[in-house]
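> This is the structure I have questions about; it appears just below.
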Amino acid sequence: MNLGAFLAAAKGEVEAALERILPPAGDPLSDAMRYSTLAGGKRLRPVLALAVHDVLGGSRSPRGEVTEAAAALELVHTYSLIHDDLPCMDDDALRRGKPTCHVVHGEAMALLAGDALQSLGFEILASRPWGAASAAPRAEAVLLLARAIGAGGMAGGQALDLAASGHGREGLRTAERLKEIHEKKTGRLLAASCELGAVLAGASVEKRDAAARFGDSLGVLFQIADDLLDVTATAAVLGKSVGKDEAQEKLTYVSVFGVEGAVAEREKTLERTLDRAGELEGSPGLLAALAEYAGHRDR
């Protein structure tokens with residue numbers, strides 16, 4: 001299966017899983033949860049989990065528990081997007097080509113929707129796949145996701161990002177701080193996504209570690225591409241506001257290295273990511289193709 005076919009199939013499975021596990025529409029909180037989660041998106045994190053799972057020889061049950069476990073990553077990712085867009089954070093009005101959750105549903109309901117999506121994500125991870133034999137992998141999955149999004153991961157990266165943004169923060173605007181922000185804010189969740197795929201496949205500790213290294217490098221690659229798109233793409237193509245990094249004086253690869261330097265950093269990171277993909281699949285295959293896609297995407 002080529003990359004396009006895999007992405008289409010995996011994304012379709014994830015969309016169906018999200019429909020199954022989200023609460024039904026009909027009340028303000030459920031409507032806000034569904035609005036942001038089902039607004040589109042690449043579904044990169046669950047797709048990565050499924051890709052690593054398949055590359056490492058995992059089997060999927062016909063009931064879709066593995067895909068539902070992977071879809072929990074999208075719930076947690078969506079919670080982070082809702083909170084990231086709030087006025088107290090990035091104050092953004094556009095996400096995935098639509099008005100952001102707080103614009104449509106109000107700040108209070110958006111905050112609660114994010115909270116509820118994070119909780120639901122952990123509920124799904126703690127219960128899929130079913131069966132006593134899956135208890136240990138479920139616990140490992142919950143632990144690795146909790147570590148990825150807490151003070152040592154996504155939340156910590158966001159805090160560092162806020163601290164380094166704006167006028168008068170020049171002392172914090174270094175290449176070292178930039179890499180730390182992106183490794184925590186983006187890389188840790190992508191690393192957890194890849195490692196989750198290995199956990200669900202019953203892979204060895206060595207393969208789990210290799211999957212995490214691949215995801216960590218992919219996360220940095222993805223963020224460099226994102227920083228470049230903020231200055232080269234249009235809102236219509238990207239589905240979110242562009243130029244906001246410069247307007248908010250954010251620390252980005254473009255602000256530190258310039259556009260040409262950021263492109264060079266992207267290519268170096270891509271080579272490292274391809275090497276780490278090789279640790280999992282040998283000759284270039286699905287994971288290498290995903291790395292190329294992440295680095296050279298246009299949206």
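To be explicit about the labels: the chains of the structure tokens are called A, B, and onward in the order shown, and within each one the residues are counted from 1, while ligands get numbers from 1 in the order they are shown.
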Give me, as an NGL selection string, the residues of stretch 8-210 of chain A that a backbone DSSP run labels strand (DSSP E or B).

:A and (94-95 or 98-99)

> Near A:Thr78, counting only C-alpha atoms, which residues have an atom at most 10 Å away, once you skip same-chain residues fewer than 2 positions from it, shown as a list of chain:residue names?

A:Met33, A:Ser36, A:Thr37, A:Leu38, A:Ala39, A:Gly41, A:Arg43, A:Ala72, A:Leu73, A:Glu74, A:Leu75, A:Val76, A:Ser80, A:Leu81, A:Ile82, A:His83, A:Asp84, A:Ala113, A:Gly114, A:Leu117, A:Gln118

> Quick one: which stretch 6-88 of chain A residues come within 6 Å of stretch 183-202 of chain A, and what is the nearest atom pair for each with the distance in Å to one decimal, counting only C-alpha atoms, rows ordered by chain and ascending number, as a tab-separated table?


residue	atom	partner	partner_atom	distance
A:Arg45	CA	A:Ser193	CA	5.6
A:Leu48	CA	A:Cys194	CA	5.8
A:Ala49	CA	A:Gly197	CA	4.1
A:Leu50	CA	A:Gly197	CA	5.8
A:Val52	CA	A:Gly197	CA	5.1
A:His53	CA	A:Gly197	CA	4.3
A:Gly58	CA	A:Ala201	CA	4.0

> Could the residues in this selection be written to a file with N, CA and C atoms, as a PDB file, in the first residue's frame?


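Written output follows (again_1.pdb):
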ATOM      1  N   ARG A  45      -1.426  11.997  14.603  1.00  0.00           N
ATOM      2  CA  ARG A  45      -1.004  11.219  15.770  1.00  0.00           C
ATOM      3  C   ARG A  45      -1.594   9.814  15.779  1.00  0.00           C
ATOM      4  N   LEU A  48       0.001   7.845  12.896  1.00  0.00           N
ATOM      5  CA  LEU A  48       1.354   7.401  13.228  1.00  0.00           C
ATOM      6  C   LEU A  48       1.323   6.162  14.098  1.00  0.00           C
ATOM      7  N   ALA A  49       0.444   6.165  15.097  1.00  0.00           N
ATOM      8  CA  ALA A  49       0.338   4.996  15.970  1.00  0.00           C
ATOM      9  C   ALA A  49      -0.029   3.751  15.168  1.00  0.00           C
ATOM     10  N   LEU A  50      -0.974   3.891  14.259  1.00  0.00           N
ATOM     11  CA  LEU A  50      -1.384   2.748  13.437  1.00  0.00           C
ATOM     12  C   LEU A  50      -0.268   2.322  12.487  1.00  0.00           C
ATOM     13  N   VAL A  52       3.077   2.624  12.928  1.00  0.00           N
ATOM     14  CA  VAL A  52       4.105   1.896  13.681  1.00  0.00           C
ATOM     15  C   VAL A  52       3.575   0.525  14.093  1.00  0.00           C
ATOM     16  N   HIS A  53       2.336   0.486  14.539  1.00  0.00           N
ATOM     17  CA  HIS A  53       1.704  -0.786  14.908  1.00  0.00           C
ATOM     18  C   HIS A  53       1.771  -1.780  13.757  1.00  0.00           C
ATOM     19  N   GLY A  58       1.812  -5.776  14.288  1.00  0.00           N
ATOM     20  CA  GLY A  58       0.640  -5.888  15.147  1.00  0.00           C
ATOM     21  C   GLY A  58      -0.585  -6.286  14.357  1.00  0.00           C
TER      22      GLY A  58
END

> Ranking A:Leu280, A:Ala136, A:Tyr79, A:Pro23 by minimum distance to A:Asp209 and counting only C-alpha atoms, which one comes first?

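Selected residue with least distance to A:Asp209: A:Leu280.
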
> Of the candidates A:Arg208, A:Arg60, A:Lys11, A:Lys179, which one gets nearest to A:Ala141 if we count only C-alpha atoms?

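Ranking A:Arg208, A:Arg60, A:Lys11, A:Lys179 by distance to A:Ala141, first place goes to A:Arg208.
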
> Return as a ChimeraX atom specification the full set of residues in stretch 8-219 of chain A whose backbone-based DSSP assignment is helix (DSSP H, G or I).

/A:8-21,28-37,44-55,65-85,101-105,107-127,132-149,154-164,170-172,175-200,205-219

> Tell me which of A:Val47, A:Ser283, A:Gly40, A:Gly219 sits closest to A:Lys98, counting only C-alpha atoms.

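Of all the options, A:Gly40 lies closest to A:Lys98.
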
> Near A:Gln223, within 9 Å and counting only C-alpha atoms, which residues show up once chain neighbours fewer than 3 positions away are dropped, as a count of residues only?

12

> Ranking A:Glu140, A:Asp91, A:Glu267, A:Glu180 by minimum distance to A:Met154 and counting only C-alpha atoms, which one comes first?

A:Glu180

> Env of A:Tyr293: 12 Å cut, atoms = only C-alpha atoms, seq-sep filter 5 positions within chain, self excluded. Answer as a list in words.

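In the requested form, the answer reads Leu3, Gly4, Leu7, Lys42, Leu44, Leu48, Leu218, Leu221, Phe222, Ala225, Leu270, Thr273, Leu274, Leu286, Leu287, Ala288, Asp298 and Arg299 of chain A.
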
> Contacts of A:Arg177 at 9 Å or less, counting only C-alpha atoms, minus same-chain residues fewer than 2 places along, as a list in words?

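My reading of the contact set: Leu160, Asp161, Ala164, Leu172, Arg173, Thr174, Ala175, Lys179, Glu180, Ile181, His182 and Leu251 of chain A.
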
> Once you have the residues from the selection above, write them out as a PDB file, in the first residue's frame, restricted to N, CA and C atoms.


ATOM      1  N   LEU A 160       7.048  27.208  28.263  1.00  0.00           N
ATOM      2  CA  LEU A 160       8.301  27.781  27.767  1.00  0.00           C
ATOM      3  C   LEU A 160       8.048  28.691  26.568  1.00  0.00           C
ATOM      4  N   ASP A 161       7.130  28.286  25.707  1.00  0.00           N
ATOM      5  CA  ASP A 161       6.785  29.075  24.525  1.00  0.00           C
ATOM      6  C   ASP A 161       6.209  30.428  24.938  1.00  0.00           C
ATOM      7  N   ALA A 164       8.868  32.781  26.290  1.00  0.00           N
ATOM      8  CA  ALA A 164       9.831  33.301  25.310  1.00  0.00           C
ATOM      9  C   ALA A 164       9.194  34.192  24.264  1.00  0.00           C
ATOM     10  N   LEU A 172      15.703  34.927  26.156  1.00  0.00           N
ATOM     11  CA  LEU A 172      15.174  33.564  26.106  1.00  0.00           C
ATOM     12  C   LEU A 172      15.073  33.046  24.678  1.00  0.00           C
ATOM     13  N   ARG A 173      15.377  33.887  23.704  1.00  0.00           N
ATOM     14  CA  ARG A 173      15.142  33.529  22.305  1.00  0.00           C
ATOM     15  C   ARG A 173      16.412  32.945  21.691  1.00  0.00           C
ATOM     16  N   THR A 174      16.778  31.772  22.152  1.00  0.00           N
ATOM     17  CA  THR A 174      17.980  31.102  21.676  1.00  0.00           C
ATOM     18  C   THR A 174      17.618  29.821  20.945  1.00  0.00           C
ATOM     19  N   ALA A 175      18.570  29.317  20.164  1.00  0.00           N
ATOM     20  CA  ALA A 175      18.333  28.070  19.436  1.00  0.00           C
ATOM     21  C   ALA A 175      18.119  26.913  20.404  1.00  0.00           C
ATOM     22  N   LYS A 179      14.678  24.609  20.529  1.00  0.00           N
ATOM     23  CA  LYS A 179      14.639  23.152  20.383  1.00  0.00           C
ATOM     24  C   LYS A 179      13.959  22.506  21.585  1.00  0.00           C
ATOM     25  N   GLU A 180      14.203  23.034  22.778  1.00  0.00           N
ATOM     26  CA  GLU A 180      13.556  22.487  23.967  1.00  0.00           C
ATOM     27  C   GLU A 180      12.043  22.664  23.893  1.00  0.00           C
ATOM     28  N   ILE A 181      11.614  23.844  23.453  1.00  0.00           N
ATOM     29  CA  ILE A 181      10.178  24.096  23.321  1.00  0.00           C
ATOM     30  C   ILE A 181       9.540  23.099  22.369  1.00  0.00           C
ATOM     31  N   HIS A 182      10.129  22.937  21.199  1.00  0.00           N
ATOM     32  CA  HIS A 182       9.513  22.073  20.195  1.00  0.00           C
ATOM     33  C   HIS A 182       9.602  20.597  20.563  1.00  0.00           C
ATOM     34  N   LEU A 251       8.975  32.559  19.395  1.00  0.00           N
ATOM     35  CA  LEU A 251      10.264  31.940  19.108  1.00  0.00           C
ATOM     36  C   LEU A 251      10.024  30.787  18.144  1.00  0.00           C
TER      37      LEU A 251
END
